[in-house]
file entry13.csv (CSV, C-alpha atoms)
chain,number,residue,atom,x,y,z
A,1130,MET,CA,53.4,-24.1,-2.4
A,1131,SER,CA,55.1,-23.7,-5.7
A,1132,ASN,CA,58.0,-25.9,-6.7
A,1133,ARG,CA,61.3,-24.2,-7.4
A,1134,ILE,CA,63.4,-25.5,-10.2
A,1135,ILE,CA,67.0,-24.9,-11.2
A,1136,THR,CA,67.7,-25.8,-14.9
A,1137,ILE,CA,71.3,-26.3,-15.9
A,1138,SER,CA,72.5,-26.0,-19.5
A,1139,ARG,CA,76.1,-26.8,-19.9
A,1140,GLU,CA,78.9,-27.1,-22.4
A,1141,PHE,CA,80.2,-30.7,-22.7
A,1142,GLY,CA,83.1,-31.2,-20.2
A,1143,SER,CA,82.4,-28.0,-18.2
A,1144,GLY,CA,81.3,-29.9,-15.1
A,1145,GLY,CA,77.7,-28.7,-15.3
A,1146,ARG,CA,76.3,-32.1,-14.4
A,1147,THR,CA,78.5,-32.3,-11.3
A,1148,ILE,CA,77.5,-28.8,-10.3
A,1149,GLY,CA,73.8,-29.8,-10.7
A,1150,LYS,CA,74.2,-32.9,-8.6
A,1151,LYS,CA,76.2,-31.2,-5.8
A,1152,THR,CA,73.7,-28.3,-5.7
A,1153,ALA,CA,70.7,-30.6,-5.5
A,1154,GLU,CA,72.5,-32.6,-2.7
A,1155,LYS,CA,73.1,-29.5,-0.6
A,1156,LEU,CA,69.5,-28.4,-1.1
A,1157,GLY,CA,68.0,-31.8,-0.4
A,1158,ILE,CA,66.1,-31.9,-3.7
A,1159,PRO,CA,66.3,-34.4,-6.6
A,1160,CYS,CA,68.6,-33.9,-9.6
A,1161,TYR,CA,67.4,-35.3,-12.9
A,1162,ASP,CA,69.9,-36.2,-15.5
A,1163,ALA,CA,70.7,-39.9,-16.0
A,1164,GLU,CA,67.5,-40.6,-14.0
A,1165,LEU,CA,65.6,-38.4,-16.4
A,1166,ILE,CA,67.0,-40.4,-19.3
A,1167,GLU,CA,65.7,-43.6,-17.8
A,1168,LYS,CA,62.3,-42.2,-17.1
A,1169,ILE,CA,62.0,-41.0,-20.7
A,1170,ALA,CA,63.2,-44.4,-21.8
A,1171,GLU,CA,60.4,-46.1,-19.9
A,1172,GLU,CA,57.8,-44.0,-21.5
A,1173,SER,CA,59.1,-44.0,-25.0
A,1174,GLY,CA,60.2,-47.5,-25.6
A,1175,PHE,CA,63.5,-46.1,-27.0
A,1176,ALA,CA,66.6,-47.7,-25.6
A,1177,ALA,CA,68.4,-45.6,-22.9
A,1178,ASN,CA,71.6,-45.4,-24.9
A,1179,TYR,CA,69.6,-44.2,-28.0
A,1180,ILE,CA,68.1,-41.4,-25.9
A,1181,LYS,CA,71.5,-40.5,-24.4
A,1182,GLU,CA,72.8,-40.0,-27.9
A,1183,GLU,CA,69.8,-38.4,-29.6
A,1184,GLY,CA,68.1,-36.5,-26.8
A,1185,GLU,CA,70.3,-33.5,-26.7
A,1186,ASP,CA,72.6,-33.3,-29.7
A,1187,ALA,CA,72.0,-33.1,-33.4
A,1188,THR,CA,73.3,-36.3,-35.0
A,1189,GLY,CA,74.2,-37.3,-38.5
A,1190,GLY,CA,71.6,-36.6,-41.2
A,1191,TRP,CA,68.9,-35.4,-38.8
A,1192,LEU,CA,68.2,-32.2,-40.5
A,1193,SER,CA,67.4,-33.6,-43.9
A,1194,SER,CA,65.1,-36.5,-42.9
A,1195,ARG,CA,61.8,-34.8,-42.2
A,1196,ALA,CA,60.2,-35.1,-45.6
A,1197,MET,CA,58.4,-38.2,-44.4
A,1198,GLY,CA,57.1,-36.6,-41.3
A,1199,PRO,CA,58.4,-36.3,-37.7
A,1200,THR,CA,61.7,-38.1,-37.0
A,1201,ASN,CA,62.3,-40.3,-34.1
A,1202,GLN,CA,64.2,-37.4,-32.6
A,1203,ASP,CA,61.1,-35.2,-32.9
A,1204,LYS,CA,59.0,-37.9,-31.1
A,1205,LEU,CA,61.7,-38.1,-28.4
A,1206,TRP,CA,61.6,-34.3,-28.1
A,1207,LEU,CA,57.8,-34.4,-27.3
A,1208,ILE,CA,58.3,-37.2,-24.8
A,1209,GLN,CA,61.2,-35.4,-23.1
A,1210,ARG,CA,59.1,-32.2,-23.0
A,1211,LYS,CA,56.2,-34.1,-21.3
A,1212,VAL,CA,58.5,-35.8,-18.7
A,1213,ILE,CA,60.2,-32.5,-17.8
A,1214,LEU,CA,56.8,-30.7,-17.4
A,1215,GLU,CA,55.6,-33.5,-15.1
A,1216,LEU,CA,58.8,-33.5,-13.0
A,1217,ALA,CA,58.6,-29.7,-12.5
A,1218,GLU,CA,55.0,-30.1,-11.3
A,1219,LYS,CA,55.9,-32.9,-8.9
A,1220,SER,CA,58.5,-31.3,-6.7
A,1221,SER,CA,61.4,-28.8,-6.5
A,1222,CYS,CA,64.4,-30.1,-8.4
A,1223,VAL,CA,67.5,-29.5,-10.5
A,1224,ILE,CA,67.2,-30.5,-14.1
A,1225,VAL,CA,70.4,-30.9,-16.1
A,1226,GLY,CA,70.3,-30.4,-19.9
A,1227,ARG,CA,67.5,-31.4,-22.3
A,1228,CYS,CA,66.5,-27.8,-23.0
A,1229,ALA,CA,64.6,-27.8,-19.7
A,1230,ASP,CA,65.1,-24.0,-19.5
A,1231,TYR,CA,63.1,-23.6,-22.7
A,1232,ILE,CA,60.5,-26.2,-21.8
A,1233,LEU,CA,59.8,-24.5,-18.5
A,1234,LYS,CA,60.1,-21.0,-19.8
A,1235,ASP,CA,56.6,-20.0,-18.7
A,1236,ARG,CA,57.3,-20.8,-15.0
A,1237,ALA,CA,58.3,-17.9,-12.8
A,1238,ASP,CA,60.0,-20.1,-10.3
A,1239,CYS,CA,62.8,-21.3,-12.5
A,1240,LEU,CA,66.5,-20.3,-12.2
A,1241,ASN,CA,68.1,-20.9,-15.6
A,1242,VAL,CA,71.8,-21.4,-15.4
A,1243,PHE,CA,74.4,-21.9,-18.1
A,1244,ILE,CA,77.8,-23.5,-17.2
A,1245,HIS,CA,80.7,-23.1,-19.6
A,1246,ALA,CA,84.5,-23.2,-19.5
A,1247,SER,CA,87.5,-22.7,-21.8
A,1248,MET,CA,88.4,-25.4,-24.4
A,1249,GLU,CA,91.7,-26.1,-22.4
A,1250,TYR,CA,89.9,-26.7,-19.1
A,1251,ARG,CA,87.2,-28.9,-20.7
A,1252,ALA,CA,89.8,-30.9,-22.7
A,1253,GLU,CA,91.8,-31.6,-19.6
A,1254,ARG,CA,88.7,-32.5,-17.7
A,1255,ILE,CA,87.2,-35.0,-20.2
A,1256,VAL,CA,90.5,-36.8,-20.3
A,1257,LYS,CA,90.6,-37.0,-16.5
A,1258,VAL,CA,87.0,-37.6,-15.6
A,1259,TYR,CA,85.7,-39.6,-18.6
A,1260,GLY,CA,89.0,-41.2,-19.4
A,1261,ASP,CA,88.7,-39.9,-23.0
A,1262,GLN,CA,91.6,-40.6,-25.3
A,1263,LYS,CA,94.4,-38.1,-24.8
A,1264,GLU,CA,94.6,-37.4,-28.6
A,1265,SER,CA,92.7,-34.4,-29.7
A,1266,PRO,CA,90.0,-34.1,-27.0
A,1267,GLU,CA,89.5,-30.6,-28.5
A,1268,ARG,CA,88.2,-32.1,-31.7
A,1269,ARG,CA,85.6,-34.1,-29.8
A,1270,LEU,CA,84.6,-31.0,-27.8
A,1271,LYS,CA,84.2,-28.9,-30.9
A,1272,GLU,CA,82.0,-31.6,-32.5
A,1273,LYS,CA,79.9,-31.9,-29.3
A,1274,ASP,CA,79.5,-28.1,-29.0
A,1275,LYS,CA,78.4,-27.8,-32.6
A,1276,ARG,CA,75.8,-30.6,-32.3
A,1277,ARG,CA,74.4,-29.4,-29.1
A,1278,ALA,CA,74.1,-25.8,-30.4
A,1279,ALA,CA,72.3,-27.1,-33.6
A,1280,TYR,CA,69.9,-29.2,-31.5
A,1281,HIS,CA,69.0,-26.2,-29.3
A,1282,ARG,CA,68.6,-23.9,-32.3
A,1283,PHE,CA,66.3,-26.3,-34.0
A,1284,TYR,CA,64.0,-27.1,-31.1
A,1285,THR,CA,64.1,-23.9,-29.1
A,1286,ASP,CA,65.0,-21.2,-31.6
A,1287,MET,CA,67.3,-19.8,-28.9
A,1288,LYS,CA,71.0,-19.0,-29.3
A,1289,TRP,CA,73.0,-21.5,-27.3
A,1290,GLY,CA,75.4,-19.8,-24.9
A,1291,HIS,CA,73.9,-16.3,-25.3
A,1292,ALA,CA,73.9,-14.7,-21.9
A,1293,GLN,CA,70.5,-13.1,-22.3
A,1294,ASN,CA,68.9,-16.5,-22.5
A,1295,TYR,CA,69.9,-17.4,-18.9
A,1296,HIS,CA,69.6,-15.8,-15.4
A,1297,LEU,CA,73.1,-16.8,-14.5
A,1298,CYS,CA,76.1,-17.9,-16.5
A,1299,LEU,CA,79.2,-19.3,-14.7
A,1300,ASN,CA,82.6,-20.1,-16.0
A,1301,SER,CA,83.4,-23.3,-14.0
A,1302,GLY,CA,87.0,-23.3,-15.1
A,1303,ILE,CA,87.7,-19.9,-13.6
A,1304,LEU,CA,85.3,-20.0,-10.6
A,1305,GLY,CA,85.8,-23.7,-9.7
A,1306,ILE,CA,83.0,-26.2,-9.4
A,1307,ASP,CA,82.5,-25.8,-5.6
A,1308,LYS,CA,82.2,-22.0,-5.9
A,1309,CYS,CA,79.5,-22.5,-8.6
A,1310,VAL,CA,77.6,-24.8,-6.3
A,1311,GLU,CA,77.9,-22.3,-3.5
A,1312,ILE,CA,76.5,-19.5,-5.7
A,1313,LEU,CA,73.6,-21.6,-6.8
A,1314,LYS,CA,72.8,-22.8,-3.3
A,1315,ASN,CA,72.9,-19.2,-1.9
A,1316,LEU,CA,70.6,-18.0,-4.6
A,1317,TYR,CA,68.0,-20.7,-4.2
B,1439,MET,CA,101.0,-8.2,-4.2
B,1440,SER,CA,99.0,-8.4,-7.4
B,1441,ASN,CA,95.9,-6.1,-7.9
B,1442,ARG,CA,92.6,-7.7,-8.4
B,1443,ILE,CA,90.2,-6.2,-10.9
B,1444,ILE,CA,86.5,-6.7,-11.6
B,1445,THR,CA,85.5,-5.5,-15.0
B,1446,ILE,CA,81.8,-5.0,-15.6
B,1447,SER,CA,80.3,-5.0,-19.1
B,1448,ARG,CA,76.6,-4.2,-19.1
B,1449,GLU,CA,73.6,-3.7,-21.2
B,1450,PHE,CA,72.3,-0.1,-21.1
B,1451,GLY,CA,69.7,0.2,-18.3
B,1452,SER,CA,70.6,-3.1,-16.6
B,1453,GLY,CA,72.0,-1.4,-13.5
B,1454,GLY,CA,75.6,-2.6,-14.2
B,1455,ARG,CA,77.1,0.7,-13.2
B,1456,THR,CA,75.2,0.7,-9.9
B,1457,ILE,CA,76.3,-2.9,-9.2
B,1458,GLY,CA,79.9,-1.9,-9.9
B,1459,LYS,CA,79.7,1.1,-7.6
B,1460,LYS,CA,78.1,-0.8,-4.8
B,1461,THR,CA,80.4,-3.7,-5.1
B,1462,ALA,CA,83.5,-1.4,-5.0
B,1463,GLU,CA,82.1,0.4,-2.0
B,1464,LYS,CA,81.6,-2.9,-0.1
B,1465,LEU,CA,85.1,-4.0,-1.0
B,1466,GLY,CA,86.7,-0.6,-0.2
B,1467,ILE,CA,88.3,-0.3,-3.7
B,1468,PRO,CA,87.8,2.4,-6.3
B,1469,CYS,CA,85.2,2.1,-9.1
B,1470,TYR,CA,86.1,3.8,-12.4
B,1471,ASP,CA,83.3,5.0,-14.7
B,1472,ALA,CA,82.5,8.7,-14.8
B,1473,GLU,CA,85.9,9.2,-13.0
B,1474,LEU,CA,87.5,7.2,-15.8
B,1475,ILE,CA,85.9,9.4,-18.4
B,1476,GLU,CA,87.3,12.5,-16.7
B,1477,LYS,CA,90.7,10.9,-16.5
B,1478,ILE,CA,90.7,10.1,-20.2
B,1479,ALA,CA,89.4,13.6,-21.0
B,1480,GLU,CA,92.4,15.1,-19.2
B,1481,GLU,CA,94.8,13.1,-21.3
B,1482,SER,CA,93.1,13.4,-24.7
B,1483,GLY,CA,92.0,16.9,-24.8
B,1484,PHE,CA,88.6,15.6,-26.0
B,1485,ALA,CA,85.6,17.1,-24.1
B,1486,ALA,CA,84.1,14.8,-21.5
B,1487,ASN,CA,80.7,14.8,-23.2
B,1488,TYR,CA,82.3,13.7,-26.5
B,1489,ILE,CA,84.0,10.8,-24.7
B,1490,LYS,CA,80.8,9.8,-23.0
B,1491,GLU,CA,79.1,9.6,-26.4
B,1492,GLU,CA,81.9,8.1,-28.5
B,1493,GLY,CA,83.9,6.1,-26.1
B,1494,GLU,CA,81.7,3.0,-26.0
B,1495,ASP,CA,79.1,3.0,-28.7
B,1496,ALA,CA,79.4,3.1,-32.4
B,1497,THR,CA,77.9,6.4,-33.6
B,1498,GLY,CA,76.7,7.7,-37.0
B,1499,GLY,CA,79.0,7.2,-40.0
B,1500,TRP,CA,81.9,5.8,-37.9
B,1501,LEU,CA,82.5,2.7,-39.9
B,1502,SER,CA,82.9,4.4,-43.3
B,1503,SER,CA,85.2,7.1,-42.3
B,1504,ARG,CA,88.6,5.4,-42.0
B,1505,ALA,CA,89.8,5.9,-45.6
B,1506,MET,CA,91.8,8.9,-44.4
B,1507,GLY,CA,93.4,7.1,-41.5
B,1508,PRO,CA,92.4,6.6,-37.8
B,1509,THR,CA,89.3,8.4,-36.7
B,1510,ASN,CA,89.0,10.4,-33.6
B,1511,GLN,CA,87.2,7.3,-32.1
B,1512,ASP,CA,90.3,5.2,-32.9
B,1513,LYS,CA,92.5,7.7,-31.1
B,1514,LEU,CA,90.2,7.7,-28.2
B,1515,TRP,CA,90.3,3.9,-28.1
B,1516,LEU,CA,94.1,4.0,-27.8
B,1517,ILE,CA,93.9,6.5,-25.0
B,1518,GLN,CA,91.2,4.6,-23.1
B,1519,ARG,CA,93.3,1.5,-23.5
B,1520,LYS,CA,96.3,3.2,-22.0
B,1521,VAL,CA,94.4,4.7,-19.1
B,1522,ILE,CA,92.7,1.3,-18.2
B,1523,LEU,CA,96.1,-0.5,-18.3
B,1524,GLU,CA,97.5,2.1,-15.9
B,1525,LEU,CA,94.6,2.0,-13.5
B,1526,ALA,CA,94.9,-1.8,-13.3
B,1527,GLU,CA,98.5,-1.5,-12.5
B,1528,LYS,CA,97.9,1.1,-9.8
B,1529,SER,CA,95.5,-0.7,-7.5
B,1530,SER,CA,92.7,-3.2,-7.2
B,1531,CYS,CA,89.5,-1.7,-8.6
B,1532,VAL,CA,86.2,-2.1,-10.4
B,1533,ILE,CA,86.1,-0.9,-14.0
B,1534,VAL,CA,82.7,-0.4,-15.6
B,1535,GLY,CA,82.4,-0.6,-19.4
B,1536,ARG,CA,84.9,0.7,-22.0
B,1537,CYS,CA,85.9,-2.9,-23.1
B,1538,ALA,CA,88.1,-3.2,-20.0
B,1539,ASP,CA,87.6,-7.0,-20.1
B,1540,TYR,CA,89.2,-7.2,-23.5
B,1541,ILE,CA,91.9,-4.6,-22.7
B,1542,LEU,CA,92.9,-6.5,-19.5
B,1543,LYS,CA,92.5,-10.0,-21.0
B,1544,ASP,CA,96.1,-11.1,-20.3
B,1545,ARG,CA,95.8,-10.5,-16.6
B,1546,ALA,CA,95.0,-13.6,-14.5
B,1547,ASP,CA,93.6,-11.5,-11.7
B,1548,CYS,CA,90.5,-10.2,-13.5
B,1549,LEU,CA,87.0,-11.2,-12.9
B,1550,ASN,CA,85.0,-10.4,-16.1
B,1551,VAL,CA,81.3,-9.8,-15.5
B,1552,PHE,CA,78.4,-9.2,-17.8
B,1553,ILE,CA,75.2,-7.7,-16.5
B,1554,HIS,CA,72.0,-7.9,-18.5
B,1555,ALA,CA,68.3,-7.8,-18.1
B,1556,SER,CA,65.1,-8.1,-20.1
B,1557,MET,CA,63.9,-5.3,-22.3
B,1558,GLU,CA,60.9,-4.7,-20.0
B,1559,TYR,CA,63.0,-4.4,-16.9
B,1560,ARG,CA,65.5,-2.0,-18.5
B,1561,ALA,CA,62.8,0.1,-20.1
B,1562,GLU,CA,61.1,0.6,-16.8
B,1563,ARG,CA,64.4,1.3,-15.1
B,1564,ILE,CA,65.6,4.0,-17.5
B,1565,VAL,CA,62.4,5.8,-17.2
B,1566,LYS,CA,62.6,5.7,-13.4
B,1567,VAL,CA,66.3,6.2,-12.9
B,1568,TYR,CA,67.3,8.4,-15.8
B,1569,GLY,CA,64.0,10.2,-16.2
B,1570,ASP,CA,63.8,9.1,-19.8
B,1571,GLN,CA,60.8,10.0,-21.7
B,1572,LYS,CA,58.0,7.5,-21.2
B,1573,GLU,CA,57.4,7.1,-24.9
B,1574,SER,CA,59.2,4.1,-26.5
B,1575,PRO,CA,62.1,3.6,-24.1
B,1576,GLU,CA,62.4,0.3,-25.9
B,1577,ARG,CA,63.4,2.0,-29.1
B,1578,ARG,CA,66.2,3.9,-27.3
B,1579,LEU,CA,67.4,0.6,-25.7
B,1580,LYS,CA,67.5,-1.3,-29.0
B,1581,GLU,CA,69.4,1.5,-30.6
B,1582,LYS,CA,71.9,1.6,-27.7
B,1583,ASP,CA,72.3,-2.2,-27.7
B,1584,LYS,CA,73.0,-2.2,-31.4
B,1585,ARG,CA,75.6,0.6,-31.1
B,1586,ARG,CA,77.4,-0.9,-28.2
B,1587,ALA,CA,77.5,-4.4,-29.8
B,1588,ALA,CA,78.9,-2.8,-33.0
B,1589,TYR,CA,81.6,-0.9,-31.0
B,1590,HIS,CA,82.7,-4.1,-29.2
B,1591,ARG,CA,82.7,-6.2,-32.3
B,1592,PHE,CA,84.9,-3.6,-34.1
B,1593,TYR,CA,87.5,-3.0,-31.4
B,1594,THR,CA,87.6,-6.4,-29.7
B,1595,ASP,CA,86.4,-8.9,-32.3
B,1596,MET,CA,84.4,-10.5,-29.4
B,1597,LYS,CA,80.7,-11.3,-29.5
B,1598,TRP,CA,78.9,-8.9,-27.1
B,1599,GLY,CA,76.8,-10.8,-24.6
B,1600,HIS,CA,78.2,-14.2,-25.5
B,1601,ALA,CA,78.5,-16.1,-22.1
B,1602,GLN,CA,81.8,-17.6,-23.1
B,1603,ASN,CA,83.5,-14.2,-23.1
B,1604,TYR,CA,82.9,-13.6,-19.4
B,1605,HIS,CA,83.5,-15.4,-16.1
B,1606,LEU,CA,80.1,-14.6,-14.8
B,1607,CYS,CA,76.9,-13.3,-16.4
B,1608,LEU,CA,74.1,-12.0,-14.2
B,1609,ASN,CA,70.5,-11.1,-15.1
B,1610,SER,CA,70.0,-8.1,-12.7
B,1611,GLY,CA,66.2,-8.0,-13.5
B,1612,ILE,CA,65.7,-11.6,-12.1
B,1613,LEU,CA,68.4,-11.7,-9.4
B,1614,GLY,CA,68.1,-8.1,-8.3
B,1615,ILE,CA,70.9,-5.5,-8.0
B,1616,ASP,CA,71.7,-6.3,-4.3
B,1617,LYS,CA,72.0,-10.0,-4.9
B,1618,CYS,CA,74.4,-9.3,-7.8
B,1619,VAL,CA,76.5,-7.1,-5.6
B,1620,GLU,CA,76.5,-9.9,-2.9
B,1621,ILE,CA,77.6,-12.5,-5.5
B,1622,LEU,CA,80.5,-10.3,-6.7
B,1623,LYS,CA,81.6,-9.4,-3.2
B,1624,ASN,CA,81.6,-13.0,-2.1
B,1625,LEU,CA,83.6,-14.1,-5.2
B,1626,TYR,CA,86.3,-11.4,-4.8
call {"tool": "encode", "arguments": {"input": "entry13.csv", "output": "structure tokens"}}
result
Amino acid sequence: MSNRIITISREFGSGGRTIGKKTAEKLGIPCYDAELIEKIAEESGFAANYIKEEGEDATGGWLSSRAMGPTNQDKLWLIQRKVILELAEKSSCVIVGRCADYILKDRADCLNVFIHASMEYRAERIVKVYGDQKESPERRLKEKDKRRAAYHRFYTDMKWGHAQNYHLCLNSGILGIDKCVEILKNLY
Amino acid sequence: MSNRIITISREFGSGGRTIGKKTAEKLGIPCYDAELIEKIAEESGFAANYIKEEGEDATGGWLSSRAMGPTNQDKLWLIQRKVILELAEKSSCVIVGRCADYILKDRADCLNVFIHASMEYRAERIVKVYGDQKESPERRLKEKDKRRAAYHRFYTDMKWGHAQNYHLCLNSGILGIDKCVEILKNLY
């Protein structure tokens, strides 16, 4: 029997990770996110914090530093790719972030989801949930959006946030997190 | 009591119009599409066929012809806008196409939906449903996509098909038309 996978791409602060976790809980399948980071860390020898920073967003100077061969970020990409392919073989699951939609694009049994929300909603949420500073959370979000889009463009050649790349795109700010979970659960 | 509106933007051939009609039927509210065209025709004096062609897609030469003032397409845009605002005031409804999402963007009671599907799915569908010629339906779709995107960009300054512009984006080819209807009905 084939494993069924939900991949969740999400804008920072949109609650995509929460939606992934809650959906997986309701379906009784694992959700890989922080767990995935640790798994990758084990295999790569990179520190978990390094992977958290570099494994999904473009960071300072990364585009100009390939003259000497693959960067650490390139190596990390290959390890992430391997881990995600293995997880998808192992069992049904939800995978949050890490370009899993692209990595698993040849599997017919994937539901690829994009979670997004308005700047206002996300700004309020990162202050409340992550305890971010109340000054200019918008600036941090814009920075994160830009880096994540650049990372995706570089490794997947897909336009971040373009509806055609996903099977389902949900505005968590308008629909609410629980409604998003319900939709995903019912579709599975 | 406030009226609740579902606006459906859709790629040509994705079944967005069918999804709109079926959803409206299940909810017992009107769906405006061909009906909307006739209503606009009545007010404008334009022929219904002209409106069908010019009321949603950019057509030949349209961008270069504004040196002498508003084009017929600009006038049509203003009439469409007025009709859509009136319909939204009148009762709850589903409105398919015609940039209704943008025109009604200040209403809190709108659910803005984008329906899309792969080129393969849409090509097969327009041959089957519309009886399109079997030769190169892809070329016709690409042409339609381009014109519709240009029309939207010009009148709304929004990126066509960008997830962030909608509350919900559904791939009708993957999810199936009936599942899309079910999701919309349950969200309403």
call {"tool": "residues_around", "arguments": {"input": "entry13.csv", "residues": "Cys1160 of chain A", "least_positions_apart": "6", "cutoff": "9 Å", "atoms": "only C-alpha atoms", "output": "number ranges by chain"}}
result
A: 1149-1154, 1222-1225
call {"tool": "interface_residues", "arguments": {"input": "entry13.csv", "of": "chain A", "to": "chain B", "cutoff": "7 Å", "atoms": "all atoms listed in the file", "output": "number ranges by chain"}}
result
A: 1245, 1290-1293, 1296-1300, 1303
call {"tool": "atom_distance", "arguments": {"input": "entry13.csv", "atom1": "atom CA of Ala1279 of chain A", "atom2": "atom CA of Ala1187 of chain A"}}
result
6.0 Å
call {"tool": "atom_distance", "arguments": {"input": "entry13.csv", "atom1": "atom CA of Val1212 of chain A", "atom2": "atom CA of Arg1276 of chain A"}}
result
22.6 Å
call {"tool": "atom_distance", "arguments": {"input": "entry13.csv", "atom1": "atom CA of Ile1478 of chain B", "atom2": "atom CA of Leu1516 of chain B"}}
result
10.3 Å
call {"tool": "closest_residue", "arguments": {"input": "entry13.csv", "among": "B:Arg1563, B:Lys1513, B:Arg1577, B:His1590", "to": "Cys1537 of chain B", "atoms": "all atoms listed in the file"}}
result
B:His1590
call {"tool": "residues_around", "arguments": {"input": "entry13.csv", "residues": "Ile1148 of chain A", "least_positions_apart": "4", "cutoff": "7 Å", "atoms": "all atoms listed in the file", "output": "number ranges by chain"}}
result
A: 1144, 1152, 1306, 1309-1310
call {"tool": "build_atoms", "arguments": {"input": "entry13.csv", "residues": "segment 1146-1159 of chain A", "atoms": "N, CA, C and O atoms", "output": "compact mmCIF listing (two decimals), in the coordinates of the input"}}
result
# COMPACT_ATOMS: atom_id res chain seq x y z
N ARG A 1146 77.03 -30.99 -15.02
CA ARG A 1146 76.30 -32.10 -14.40
C ARG A 1146 76.69 -32.27 -12.95
O ARG A 1146 75.86 -32.41 -12.05
N THR A 1147 77.99 -32.23 -12.70
CA THR A 1147 78.50 -32.30 -11.30
C THR A 1147 77.97 -31.20 -10.46
O THR A 1147 77.55 -31.41 -9.32
N ILE A 1148 77.98 -29.99 -11.01
CA ILE A 1148 77.50 -28.80 -10.30
C ILE A 1148 75.98 -29.02 -9.96
O ILE A 1148 75.54 -28.75 -8.84
N GLY A 1149 75.23 -29.53 -10.92
CA GLY A 1149 73.80 -29.80 -10.70
C GLY A 1149 73.59 -30.79 -9.56
O GLY A 1149 72.78 -30.57 -8.66
N LYS A 1150 74.35 -31.88 -9.62
CA LYS A 1150 74.20 -32.90 -8.60
C LYS A 1150 74.56 -32.43 -7.22
O LYS A 1150 73.86 -32.67 -6.24
N LYS A 1151 75.70 -31.74 -7.14
CA LYS A 1151 76.20 -31.20 -5.80
C LYS A 1151 75.20 -30.21 -5.26
O LYS A 1151 74.94 -30.18 -4.05
N THR A 1152 74.68 -29.34 -6.12
CA THR A 1152 73.70 -28.30 -5.70
C THR A 1152 72.47 -28.98 -5.13
O THR A 1152 71.97 -28.62 -4.05
N ALA A 1153 71.97 -29.94 -5.87
CA ALA A 1153 70.70 -30.60 -5.50
C ALA A 1153 70.96 -31.34 -4.12
O ALA A 1153 70.09 -31.31 -3.23
N GLU A 1154 72.11 -31.97 -3.97
CA GLU A 1154 72.50 -32.60 -2.70
C GLU A 1154 72.40 -31.68 -1.54
O GLU A 1154 71.79 -31.95 -0.50
N LYS A 1155 73.03 -30.52 -1.72
CA LYS A 1155 73.10 -29.50 -0.60
C LYS A 1155 71.68 -28.99 -0.33
O LYS A 1155 71.39 -28.62 0.81
N LEU A 1156 70.83 -28.90 -1.35
CA LEU A 1156 69.50 -28.40 -1.10
C LEU A 1156 68.49 -29.44 -0.72
O LEU A 1156 67.35 -29.13 -0.36
N GLY A 1157 68.93 -30.70 -0.79
CA GLY A 1157 68.00 -31.80 -0.40
C GLY A 1157 66.87 -31.97 -1.40
O GLY A 1157 65.75 -32.30 -1.01
N ILE A 1158 67.13 -31.71 -2.67
CA ILE A 1158 66.10 -31.90 -3.70
C ILE A 1158 66.66 -32.84 -4.78
O ILE A 1158 67.87 -32.97 -4.90
N PRO A 1159 65.79 -33.48 -5.57
CA PRO A 1159 66.30 -34.40 -6.60
C PRO A 1159 66.99 -33.67 -7.75
O PRO A 1159 66.67 -32.51 -8.03
